[in-house]
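So this one's coords.txt, compact mmCIF, C-alpha atoms and all ligand atoms:
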# COMPACT_ATOMS: atom_id res chain seq x y z
CA MET A 1 -3.16 7.07 -24.28
CA LYS A 2 0.27 6.59 -22.68
CA ALA A 3 0.65 3.62 -20.35
CA ILE A 4 3.36 1.42 -18.91
CA GLU A 5 2.85 -2.19 -19.95
CA CYS A 6 4.43 -5.23 -18.31
CA LEU A 7 5.14 -7.37 -21.36
CA LYS A 8 6.19 -10.43 -19.36
CA TYR A 9 7.05 -11.25 -15.75
CA GLY A 10 10.65 -10.65 -14.72
CA GLU A 11 13.07 -7.75 -14.65
CA VAL A 12 12.18 -4.05 -14.83
CA GLU A 13 13.21 -3.98 -18.52
CA ASN A 14 9.86 -5.67 -19.21
CA LEU A 15 8.07 -2.46 -18.18
CA VAL A 16 7.71 -0.43 -21.37
CA LEU A 17 6.05 2.85 -22.29
CA SER A 18 3.29 2.10 -24.85
CA ASN A 19 0.36 3.69 -26.59
CA VAL A 20 -2.80 1.79 -25.63
CA LYS A 21 -6.51 2.32 -26.23
CA LYS A 22 -8.14 4.86 -23.93
CA PRO A 23 -10.81 3.01 -21.90
CA ILE A 24 -14.51 3.82 -22.29
CA ALA A 25 -16.68 4.14 -19.18
CA LYS A 26 -19.58 1.68 -18.86
CA ALA A 27 -22.94 2.86 -17.53
CA ASN A 28 -21.88 2.43 -13.87
CA GLU A 29 -18.31 3.70 -14.31
CA VAL A 30 -16.36 6.95 -14.30
CA LEU A 31 -13.43 7.70 -16.60
CA ILE A 32 -10.63 9.21 -14.51
CA LYS A 33 -7.74 11.23 -15.92
CA ILE A 34 -4.94 10.04 -13.65
CA HIS A 35 -2.59 12.62 -12.15
CA ALA A 36 -0.73 10.34 -9.71
CA THR A 37 -0.36 6.68 -8.88
CA SER A 38 2.04 4.71 -6.75
CA VAL A 39 4.45 1.77 -7.08
CA THR A 40 3.63 -0.67 -4.29
CA THR A 41 5.54 -3.71 -3.09
CA SER A 42 2.64 -5.81 -4.40
CA ASP A 43 3.16 -4.35 -7.91
CA VAL A 44 6.81 -5.38 -7.69
CA LEU A 45 5.91 -8.88 -6.48
CA ILE A 46 3.55 -9.34 -9.45
CA ARG A 47 6.01 -7.92 -11.99
CA ARG A 48 8.82 -10.20 -10.75
CA MET A 49 6.67 -13.33 -10.27
CA ASN A 50 9.55 -15.26 -8.80
CA GLU A 51 7.82 -16.82 -5.81
CA PRO A 52 8.20 -20.53 -4.94
CA PHE A 53 6.27 -22.99 -7.18
CA ILE A 54 2.89 -23.19 -5.38
CA PRO A 55 2.45 -19.47 -4.55
CA LYS A 56 3.64 -18.65 -8.09
CA LEU A 57 1.05 -21.01 -9.57
CA ILE A 58 -1.72 -19.43 -7.48
CA LEU A 59 -0.56 -15.91 -8.37
CA GLN A 60 -0.49 -16.76 -12.10
CA LEU A 61 -3.98 -18.29 -11.90
CA ILE A 62 -5.13 -14.94 -10.55
CA PHE A 63 -3.01 -12.56 -12.64
CA GLY A 64 -2.24 -14.51 -15.82
CA PHE A 65 0.37 -17.04 -17.00
CA GLY A 66 3.72 -15.79 -18.38
CA ARG A 67 2.55 -12.18 -18.33
CA PRO A 68 -0.18 -10.23 -16.58
CA ARG A 69 -3.62 -10.63 -18.19
CA ASN A 70 -3.94 -6.86 -17.88
CA PRO A 71 -0.42 -5.72 -18.84
CA VAL A 72 -1.02 -2.27 -17.31
CA LEU A 73 -0.30 -2.75 -13.61
CA GLY A 74 -1.03 -0.29 -10.80
CA MET A 75 -3.90 -0.18 -8.31
CA VAL A 76 -3.69 3.32 -6.86
CA THR A 77 -5.32 6.28 -8.58
CA ALA A 78 -5.58 10.00 -7.88
CA GLY A 79 -7.08 12.14 -10.61
CA VAL A 80 -10.07 13.96 -12.08
CA VAL A 81 -13.36 12.52 -13.39
CA GLU A 82 -13.44 13.27 -17.12
CA ARG A 83 -16.58 11.34 -18.14
CA LYS A 84 -19.27 9.34 -16.38
CA GLY A 85 -21.60 6.54 -17.41
CA LYS A 86 -25.34 7.21 -17.57
CA ASP A 87 -26.11 5.42 -14.28
CA VAL A 88 -23.45 7.19 -12.18
CA THR A 89 -24.98 9.32 -9.43
CA LEU A 90 -22.17 9.68 -6.87
CA PHE A 91 -19.66 11.64 -8.99
CA GLU A 92 -19.69 14.60 -11.38
CA ILE A 93 -17.36 15.53 -14.22
CA GLY A 94 -14.48 17.57 -12.81
CA ASP A 95 -14.53 15.87 -9.37
CA GLU A 96 -11.06 15.30 -7.92
CA VAL A 97 -11.00 11.69 -6.71
CA PHE A 98 -8.70 9.01 -5.36
CA ALA A 99 -9.13 5.26 -5.50
CA TYR A 100 -7.78 1.80 -4.81
CA GLY A 101 -8.11 -0.91 -7.45
CA SER A 102 -9.45 -3.59 -5.13
CA ILE A 103 -12.54 -3.63 -2.96
CA SER A 104 -12.56 -7.34 -2.01
CA PRO A 105 -10.22 -10.32 -2.61
CA THR A 106 -12.08 -11.15 -5.84
CA LYS A 107 -12.94 -7.64 -7.10
CA ARG A 108 -9.67 -6.21 -8.35
CA ARG A 109 -8.69 -3.82 -11.15
CA PHE A 110 -5.25 -2.91 -12.39
CA GLY A 111 -4.54 -0.20 -14.93
CA SER A 112 -3.40 2.89 -13.05
CA TYR A 113 0.08 3.04 -14.67
CA ALA A 114 -1.68 5.01 -17.41
CA GLU A 115 -3.22 8.34 -18.35
CA TYR A 116 -6.80 7.08 -17.84
CA ILE A 117 -8.68 4.39 -15.96
CA CYS A 118 -12.37 3.47 -15.66
CA LEU A 119 -13.70 2.43 -12.24
CA PRO A 120 -17.22 1.56 -11.08
CA GLU A 121 -18.71 4.25 -8.85
CA ASP A 122 -19.23 1.76 -5.99
CA TRP A 123 -15.49 0.93 -5.92
CA ASN A 124 -12.96 2.10 -3.32
CA LEU A 125 -13.37 5.49 -4.94
CA ALA A 126 -14.09 8.80 -3.21
CA LEU A 127 -13.59 12.54 -3.50
CA LYS A 128 -9.95 13.34 -2.80
CA PRO A 129 -9.38 15.06 0.56
CA VAL A 130 -9.15 18.74 -0.40
CA ASN A 131 -6.18 19.28 1.89
CA LEU A 132 -4.09 16.73 -0.05
CA SER A 133 -2.36 17.03 -3.42
CA PHE A 134 -2.86 14.25 -5.98
CA GLU A 135 0.57 12.89 -5.06
CA GLU A 136 -0.28 12.83 -1.35
CA ALA A 137 -3.65 11.20 -2.02
CA ALA A 138 -1.86 8.45 -4.01
CA ALA A 139 0.21 7.69 -0.91
CA ILE A 140 -2.84 6.79 1.20
CA PRO A 141 -4.78 3.79 -0.17
CA TYR A 142 -2.29 0.89 -0.26
CA GLY A 143 -0.56 1.31 3.09
CA GLY A 144 -3.70 2.74 4.64
CA LEU A 145 -5.98 -0.14 3.69
CA LEU A 146 -3.46 -2.84 4.61
CA ALA A 147 -2.71 -1.16 7.94
CA SER A 148 -6.47 -0.88 8.60
CA HIS A 149 -6.76 -4.61 7.90
CA LEU A 150 -4.05 -5.32 10.51
CA LEU A 151 -5.54 -2.96 13.10
CA LYS A 152 -9.01 -4.50 12.59
CA LYS A 153 -7.59 -7.68 14.13
CA THR A 154 -6.86 -5.86 17.40
CA SER A 155 -8.96 -4.36 20.15
CA ILE A 156 -6.65 -1.65 21.41
CA ASN A 157 -7.43 0.10 24.69
CA LYS A 158 -5.78 3.36 25.70
CA ASP A 159 -2.08 2.90 26.58
CA ASP A 160 -1.94 -0.73 25.39
CA LYS A 161 1.61 -1.41 24.31
CA ILE A 162 2.00 -2.46 20.71
CA LEU A 163 5.08 -3.10 18.61
CA ILE A 164 5.07 -2.33 14.89
CA TYR A 165 7.74 -4.22 12.95
CA GLY A 166 8.69 -2.57 9.66
CA ALA A 167 7.32 0.77 10.82
CA SER A 168 8.85 2.98 8.13
CA GLY A 169 7.31 1.35 5.04
CA SER A 170 3.98 2.18 3.44
CA ILE A 171 1.99 -0.11 5.75
CA GLY A 172 4.08 0.68 8.84
CA THR A 173 3.79 4.48 8.57
CA MET A 174 0.00 4.15 8.36
CA ALA A 175 -0.16 1.51 11.13
CA ILE A 176 1.68 3.83 13.55
CA GLN A 177 -0.82 6.62 12.96
CA LEU A 178 -3.92 4.39 13.13
CA ALA A 179 -2.68 2.77 16.36
CA LYS A 180 -1.92 6.16 17.94
CA HIS A 181 -5.39 7.27 16.91
CA LYS A 182 -6.75 4.38 19.01
CA GLY A 183 -4.62 5.49 21.99
CA ALA A 184 -1.90 2.84 21.84
CA HIS A 185 1.64 3.21 23.19
CA VAL A 186 3.64 2.44 20.03
CA THR A 187 7.12 0.99 19.74
CA SER A 188 8.37 1.18 16.16
CA VAL A 189 11.00 -1.08 14.64
CA CYS A 190 13.08 0.18 11.70
CA SER A 191 16.67 1.20 11.05
CA SER A 192 17.95 4.27 12.88
CA ARG A 193 17.93 6.43 9.72
CA ASN A 194 14.12 6.34 9.99
CA PHE A 195 13.81 7.08 13.73
CA GLU A 196 13.01 10.75 13.11
CA LEU A 197 10.27 9.87 10.63
CA VAL A 198 8.50 7.29 12.81
CA THR A 199 8.77 9.54 15.87
CA SER A 200 7.20 12.40 13.91
CA LEU A 201 4.28 10.08 13.14
CA GLY A 202 3.69 9.44 16.85
CA SER A 203 5.93 6.52 17.88
CA ASP A 204 6.67 6.55 21.60
CA LYS A 205 9.73 4.29 21.37
CA VAL A 206 11.99 3.10 18.56
CA ILE A 207 14.18 0.03 18.12
CA ASP A 208 16.80 -0.46 15.40
CA TYR A 209 16.50 -4.06 14.16
CA THR A 210 19.97 -3.90 12.57
CA ILE A 211 22.03 -3.50 15.75
CA GLU A 212 23.46 -6.31 17.85
CA ASN A 213 21.36 -7.35 20.86
CA ALA A 214 18.44 -5.20 19.72
CA GLU A 215 16.14 -7.85 21.23
CA LYS A 216 17.27 -6.75 24.72
CA GLN A 217 15.20 -3.61 24.21
CA LEU A 218 11.97 -5.59 23.80
CA GLU A 219 9.26 -5.27 26.45
CA THR A 220 5.99 -7.24 26.43
CA TYR A 221 3.25 -6.14 24.08
CA LYS A 222 -0.45 -6.73 23.69
CA TYR A 223 0.07 -6.81 19.94
CA VAL A 224 3.11 -7.33 17.79
CA ILE A 225 2.21 -6.19 14.30
CA ASP A 226 4.42 -7.35 11.44
CA ALA A 227 3.89 -4.77 8.69
CA VAL A 228 6.46 -6.18 6.26
CA GLY A 229 5.62 -9.88 6.23
CA ASN A 230 7.60 -13.05 5.62
CA SER A 231 10.12 -11.61 3.18
CA LYS A 232 11.82 -9.40 5.80
CA SER A 233 13.09 -10.66 9.12
CA SER A 234 15.78 -10.34 11.80
CA ILE A 235 16.70 -11.87 15.15
CA LEU A 236 14.65 -9.10 16.76
CA LYS A 237 11.58 -10.08 14.75
CA GLU A 238 11.82 -13.74 15.75
CA LYS A 239 12.20 -12.79 19.44
CA SER A 240 9.36 -10.25 19.25
CA LYS A 241 6.92 -13.04 18.36
CA LYS A 242 7.31 -14.21 21.96
CA ALA A 243 7.40 -10.74 23.56
CA LEU A 244 3.66 -10.86 24.19
CA THR A 245 1.49 -10.43 27.28
CA SER A 246 -0.52 -13.53 28.34
CA ASN A 247 -3.44 -12.43 26.12
CA GLY A 248 -1.14 -10.92 23.48
CA LYS A 249 -1.28 -11.62 19.76
CA TYR A 250 1.21 -11.64 16.86
CA ILE A 251 -0.39 -10.32 13.66
CA SER A 252 1.33 -10.45 10.27
CA ILE A 253 0.39 -8.86 6.95
CA ASP A 254 1.08 -12.30 5.44
CA HIS A 255 -1.56 -14.08 7.59
CA GLY A 256 -4.51 -14.70 5.27
CA THR A 257 -5.83 -12.49 2.49
CA PRO A 258 -6.05 -8.79 3.34
CA LEU A 259 -9.55 -7.31 3.16
CA THR A 260 -9.93 -3.79 1.78
CA PRO A 261 -13.57 -2.80 2.41
CA LYS A 262 -15.03 0.56 1.40
CA GLU A 263 -15.75 1.41 5.04
CA ALA A 264 -11.99 1.33 5.76
CA PHE A 265 -11.25 3.43 2.65
CA LEU A 266 -13.75 6.11 3.71
CA ASN A 267 -12.33 6.09 7.23
CA LEU A 268 -8.85 6.83 5.80
CA LYS A 269 -10.29 9.68 3.77
CA SER A 270 -11.98 11.13 6.84
CA LEU A 271 -8.82 10.85 9.01
CA ALA A 272 -6.75 12.48 6.26
CA GLU A 273 -9.26 15.34 6.01
CA GLN A 274 -8.99 15.87 9.76
CA GLU A 275 -5.19 15.83 9.42
CA LYS A 276 -5.03 12.79 11.70
CA LEU A 277 -3.36 10.73 8.96
CA ARG A 278 -0.30 11.99 7.12
CA PRO A 279 0.74 10.35 3.86
CA VAL A 280 4.48 9.72 3.72
CA ILE A 281 6.18 10.12 0.34
CA ASP A 282 9.69 8.82 -0.17
CA SER A 283 10.13 9.95 -3.76
CA ILE A 284 8.23 10.94 -6.88
CA TYR A 285 9.02 9.71 -10.41
CA PRO A 286 7.41 10.61 -13.76
CA LEU A 287 5.52 7.80 -15.54
CA GLU A 288 8.36 7.44 -18.03
CA LYS A 289 10.74 6.48 -15.17
CA MET A 290 8.57 3.56 -13.99
CA ALA A 291 11.39 1.03 -14.32
CA GLU A 292 13.61 3.14 -12.07
CA ALA A 293 10.81 3.47 -9.51
CA HIS A 294 10.30 -0.33 -9.52
CA LYS A 295 14.03 -0.89 -9.03
CA TYR A 296 14.01 1.42 -6.03
CA VAL A 297 10.92 -0.16 -4.40
CA GLU A 298 12.41 -3.62 -4.98
CA MET A 299 15.39 -2.69 -2.78
CA GLY A 300 12.97 -2.91 0.18
CA HIS A 301 13.94 0.23 2.07
CA LYS A 302 11.56 2.91 0.90
CA ARG A 303 10.20 5.33 3.46
CA GLY A 304 6.44 5.26 3.11
CA ASN A 305 5.47 5.45 -0.54
CA VAL A 306 6.89 5.89 -4.02
CA VAL A 307 4.59 8.03 -6.12
CA ILE A 308 4.36 8.37 -9.91
CA THR A 309 3.12 11.54 -11.61
CA ILE A 310 1.35 11.38 -14.95
N1 LIG B 401 -0.02 -11.46 2.06
C1 LIG B 401 -0.59 -10.56 1.32
O1 LIG B 401 -1.65 -10.77 0.72
C2 LIG B 401 0.06 -9.21 1.20
C3 LIG B 401 -0.61 -8.19 0.53
C4 LIG B 401 0.02 -6.97 0.43
C5 LIG B 401 1.28 -6.79 0.99
N2 LIG B 401 1.88 -7.82 1.62
C6 LIG B 401 3.23 -7.68 2.17
O2 LIG B 401 3.33 -6.44 2.77
C7 LIG B 401 4.62 -5.95 2.56
C8 LIG B 401 4.48 -4.55 2.05
O3 LIG B 401 4.87 -3.66 3.00
P1 LIG B 401 5.30 -2.22 2.61
O4 LIG B 401 4.89 -1.85 1.25
O5 LIG B 401 4.91 -1.38 3.74
O6 LIG B 401 6.85 -2.48 2.58
P2 LIG B 401 7.94 -1.41 2.28
O7 LIG B 401 7.34 -0.06 2.16
O8 LIG B 401 8.78 -1.93 1.17
O9 LIG B 401 8.78 -1.48 3.59
C9 LIG B 401 9.97 -0.81 3.59
C10 LIG B 401 10.42 -0.68 4.99
O10 LIG B 401 10.74 -1.98 5.50
C11 LIG B 401 11.82 -1.82 6.38
N3 LIG B 401 12.63 -3.06 6.40
C12 LIG B 401 13.34 -3.57 5.38
N4 LIG B 401 13.92 -4.74 5.78
C13 LIG B 401 13.53 -4.93 7.05
C14 LIG B 401 13.80 -5.93 8.01
N5 LIG B 401 14.54 -6.99 7.75
N6 LIG B 401 13.23 -5.78 9.23
C15 LIG B 401 12.49 -4.72 9.52
N7 LIG B 401 12.19 -3.75 8.67
C16 LIG B 401 12.71 -3.85 7.44
C17 LIG B 401 12.62 -0.68 5.82
O11 LIG B 401 13.12 0.02 6.89
P3 LIG B 401 14.66 0.42 6.93
O12 LIG B 401 14.92 1.13 5.62
O13 LIG B 401 14.72 1.30 8.11
O14 LIG B 401 15.43 -0.86 7.03
C18 LIG B 401 11.65 0.17 5.01
O15 LIG B 401 11.35 1.40 5.57
C19 LIG B 401 5.25 -6.71 1.43
O16 LIG B 401 6.44 -7.30 1.88
C20 LIG B 401 4.22 -7.70 1.03
O17 LIG B 401 4.80 -8.99 0.94
C21 LIG B 401 1.31 -9.02 1.74
Please go through the file and, once you have read it, give me the structure as structure tokens.
Amino acid sequence: MKAIECLKYGEVENLVLSNVKKPIAKANEVLIKIHATSVTTSDVLIRRMNEPFIPKLILQLIFGFGRPRNPVLGMVTAGVVERKGKDVTLFEIGDEVFAYGSISPTKRRFGSYAEYICLPEDWNLALKPVNLSFEEAAAIPYGGLLASHLLKKTSINKDDKILIYGASGSIGTMAIQLAKHKGAHVTSVCSSRNFELVTSLGSDKVIDYTIENAEKQLETYKYVIDAVGNSKSSILKEKSKKALTSNGKYISIDHGTPLTPKEAFLNLKSLAEQEKLRPVIDSIYPLEKMAEAHKYVEMGHKRGNVVITI
């Protein structure tokens, strides 16, 4: 089958189109013919592997030294069940499904930059919402699960003011919608070119982090949610950490290891089916243009998600 392999860590040139062995489903697994996947910022971080010494050492212990142990990256899948193992009871051949390659910090599977993948039936795997295309379904799991992880750390009451920093990325666009679903008053931080997008997702107020004195627009918030983490900052972000009510809390995607439980995955599916969660797609590339897609995601300004069709 066709797949994109990461031959060694580093530049996008190390992502090459290869012919690899089609996987075979074990008794508890389904074989999925992949129609769409997505390039996430985590994929880019792993492919580059240019973190400081200690984080890099930890990452390579997990993912492999010099090159990824599984050279086919990618953790988001939307496709059709082509075969199933003898013990599988939850899925049938022909089912349209979507999935995320991790269900806990230690249970992780790459391999969705390819025509086929095998996943256990008890994974973050479910029938695709019928109202979504494969491409749209591939834009849900990563941002949706990480935003759910952030929101789980809050107890939002109706009209609580929250600020979402990095609101226009894959995590931010999902965090806005999940927070609005809980009744929050949401202030979104992004550059002004994305104001229309974040407002359409439900933001009540918007602040452009790139303008001078943007911090003067800050109010006090019950939660300040940093959806982009340590690699992206601004004066506004530093000031927002103190723009909290007396019982307020600053929550960052880079605090601890994100949990991605099945309960959260199924909740995203249900919200999407009720049209309470809208996947945001920045752009779509064919599998063969993976290097280009990685280059674009690496620039750090995508709107929502970058999807790959296979
Ligand atoms: N710690 C962990 O275990 C873990 C796990 C997964 C992910 N993460 C982190 O989560 C982040 C992934 O988020 P994502 O995929 O949602 O990111 P993303 O989609 O790449 O975010 C892009 C958005 O960030 C905004 N942005 C860029 N620079 C900014 C700045 N200085 N201040 C505010 N906003 C800025 C951009 O808005 P404009 O274009 O409007 O500027 C763009 O819309 C990654 O950085 C990753 O490190 C951490």
Box in all listed atoms of range 35-43 of chain A, axis-aligned, with 8 Å more on each side; write out centre and edge lengths in Å to one decimal as AutoDock Vina command-line options.
--center_x 1.5 --center_y 3.4 --center_z -7.6 --size_x 24.1 --size_y 34.4 --size_z 25.1
*Using only C-alpha atoms and all ligand atoms, which protein or nucleic acid residues are at most 6 Å from ligand LIG 401 (chain B), as a PyMOL selection string?*
chain A and resi 40-42+165-166+168-172+190-191+194+227-229+231-234+253-254+257-258+300-304
_Which residues are near Val307 in chain A? Cut-off 7 Å, all atoms listed in the file, ignore same chain within fewer than 4 positions. Put them as a list in words._
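Surrounding residues, per the criterion: Ala36, Thr37, Ser38, Val39, Glu135, Ala138, Ala139, Ile281, Ser283, Ile284 and Tyr285 of chain A.
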So that each row is one residue of range 173-257 of chain A with an atom at most 6 Å from range 158-161 of chain A, can you give its shortest atom pair and the distance in Å to one decimal, using only C-alpha atoms, rows by chain and rising number, as CSV?
residue,atom,partner,partner_atom,distance
A:Gly183,CA,A:Lys158,CA,4.4
A:Ala184,CA,A:Asp159,CA,4.7
A:His185,CA,A:Lys161,CA,4.8
A:Tyr221,CA,A:Lys161,CA,5.0
A:Lys222,CA,A:Lys161,CA,5.7
*Could you jot down the CA of Arg108 in chain A to CA of Asn28 in chain A separation for me, Å, one decimal place?*
15.9 Å
*Grab the CA of Ala25 in chain A to CA of Val88 in chain A distance for me, in Å with one decimal place.*
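Going from CA of Ala25 in chain A over to CA of Val88 in chain A, I get 10.2 Å.
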*Give the answer as one residue: which of A:Thr77, A:Ser240, A:Gln60, A:Ser203 has the shortest atom-to-atom distance to Met174 in chain A, using only C-alpha atoms?*
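Closest to Met174 in chain A of all the choices is A:Ser203.
Across A:Ile93, A:Val297, A:Ile251, A:Ile140, the tightest approach to Arg278 in chain A is made by A:Ile140 when counting all atoms listed in the file.
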*Starting from the point (-10.0, -4.7, 12.6), work out which residues of protein, DNA or RNA have an atom no more than 12 Å away when counting only C-alpha atoms; state them as a list in words.*
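Those within range, by chain then number, are Leu145, Leu146, Ala147, Ser148, His149, Leu150, Leu151, Lys152, Lys153, Thr154, Ser155, Ile156, Ala175, Leu178, Ala179, Lys182, Ile251, Pro258, Leu259, Thr260, Pro261, Glu263 and Ala264 of chain A.
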Neighbours of Asn131 in chain A within 9 Å (only C-alpha atoms; same-chain residues fewer than 2 positions away dropped), as a PDB file with C-alpha atoms, keeping the file's coordinate frame?
ATOM      1  CA  LYS A 128      -9.950  13.340  -2.800  1.00  0.00           C
ATOM      2  CA  PRO A 129      -9.380  15.060   0.560  1.00  0.00           C
ATOM      3  CA  SER A 133      -2.360  17.030  -3.420  1.00  0.00           C
ATOM      4  CA  ALA A 272      -6.750  12.480   6.260  1.00  0.00           C
ATOM      5  CA  GLU A 273      -9.260  15.340   6.010  1.00  0.00           C
ATOM      6  CA  GLU A 275      -5.190  15.830   9.420  1.00  0.00           C
TER       7      GLU A 275
END
*Minimum-distance residue to Ile235 in chain A, chosen among A:Ser112, A:His255, A:Glu212, A:Arg67 (using only C-alpha atoms)*: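 Ranking A:Ser112, A:His255, A:Glu212, A:Arg67 by distance to Ile235 in chain A, first place goes to A:Glu212.
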_What's the separation between CA of Arg83 in chain A and CA of Leu271 in chain A, in Å to one decimal place?_
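Here the two named atoms are 28.2 Å from each other.
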*Shell around Glu115 in chain A at 7 Å using only C-alpha atoms, local window under 2 positions removed, as a list in words*: Met1, Lys2, Ala3, Lys33, Ile34 and Ile310 of chain A
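In this comparison, which uses only C-alpha atoms, the residue of A:Ala291, A:Ile54, A:Leu7, A:Ile32 approaching Gly66 in chain A most closely is A:Leu7.
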*Tell me which protein, DNA and RNA residues are within 8 Å of Gly94 in chain A, counting all atoms listed in the file, leaving out same-chain ones fewer than 6 positions away, and put them as number ranges by chain.*
A: 80-82
_If we count only C-alpha atoms and set the cut-off at 10 Å, which residues sit around Asp208 in chain A, ignoring sequence neighbours fewer than 4 positions away in its own chain? Please answer as a list in words._
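Contacts, in chain order: Ser188, Val189, Cys190, Ser191, Ser192, Arg193, Asn194, Phe195, Glu212, Asn213, Ala214, Glu215, Gln217 and Leu236 of chain A.
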*Of the residues A:Ile162, A:Leu90, A:Ile4, A:Val306, which is the one nearest to Ala137 in chain A, using all atoms listed in the file?*
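That would be A:Val306, the residue with the smallest distance to Ala137 in chain A.
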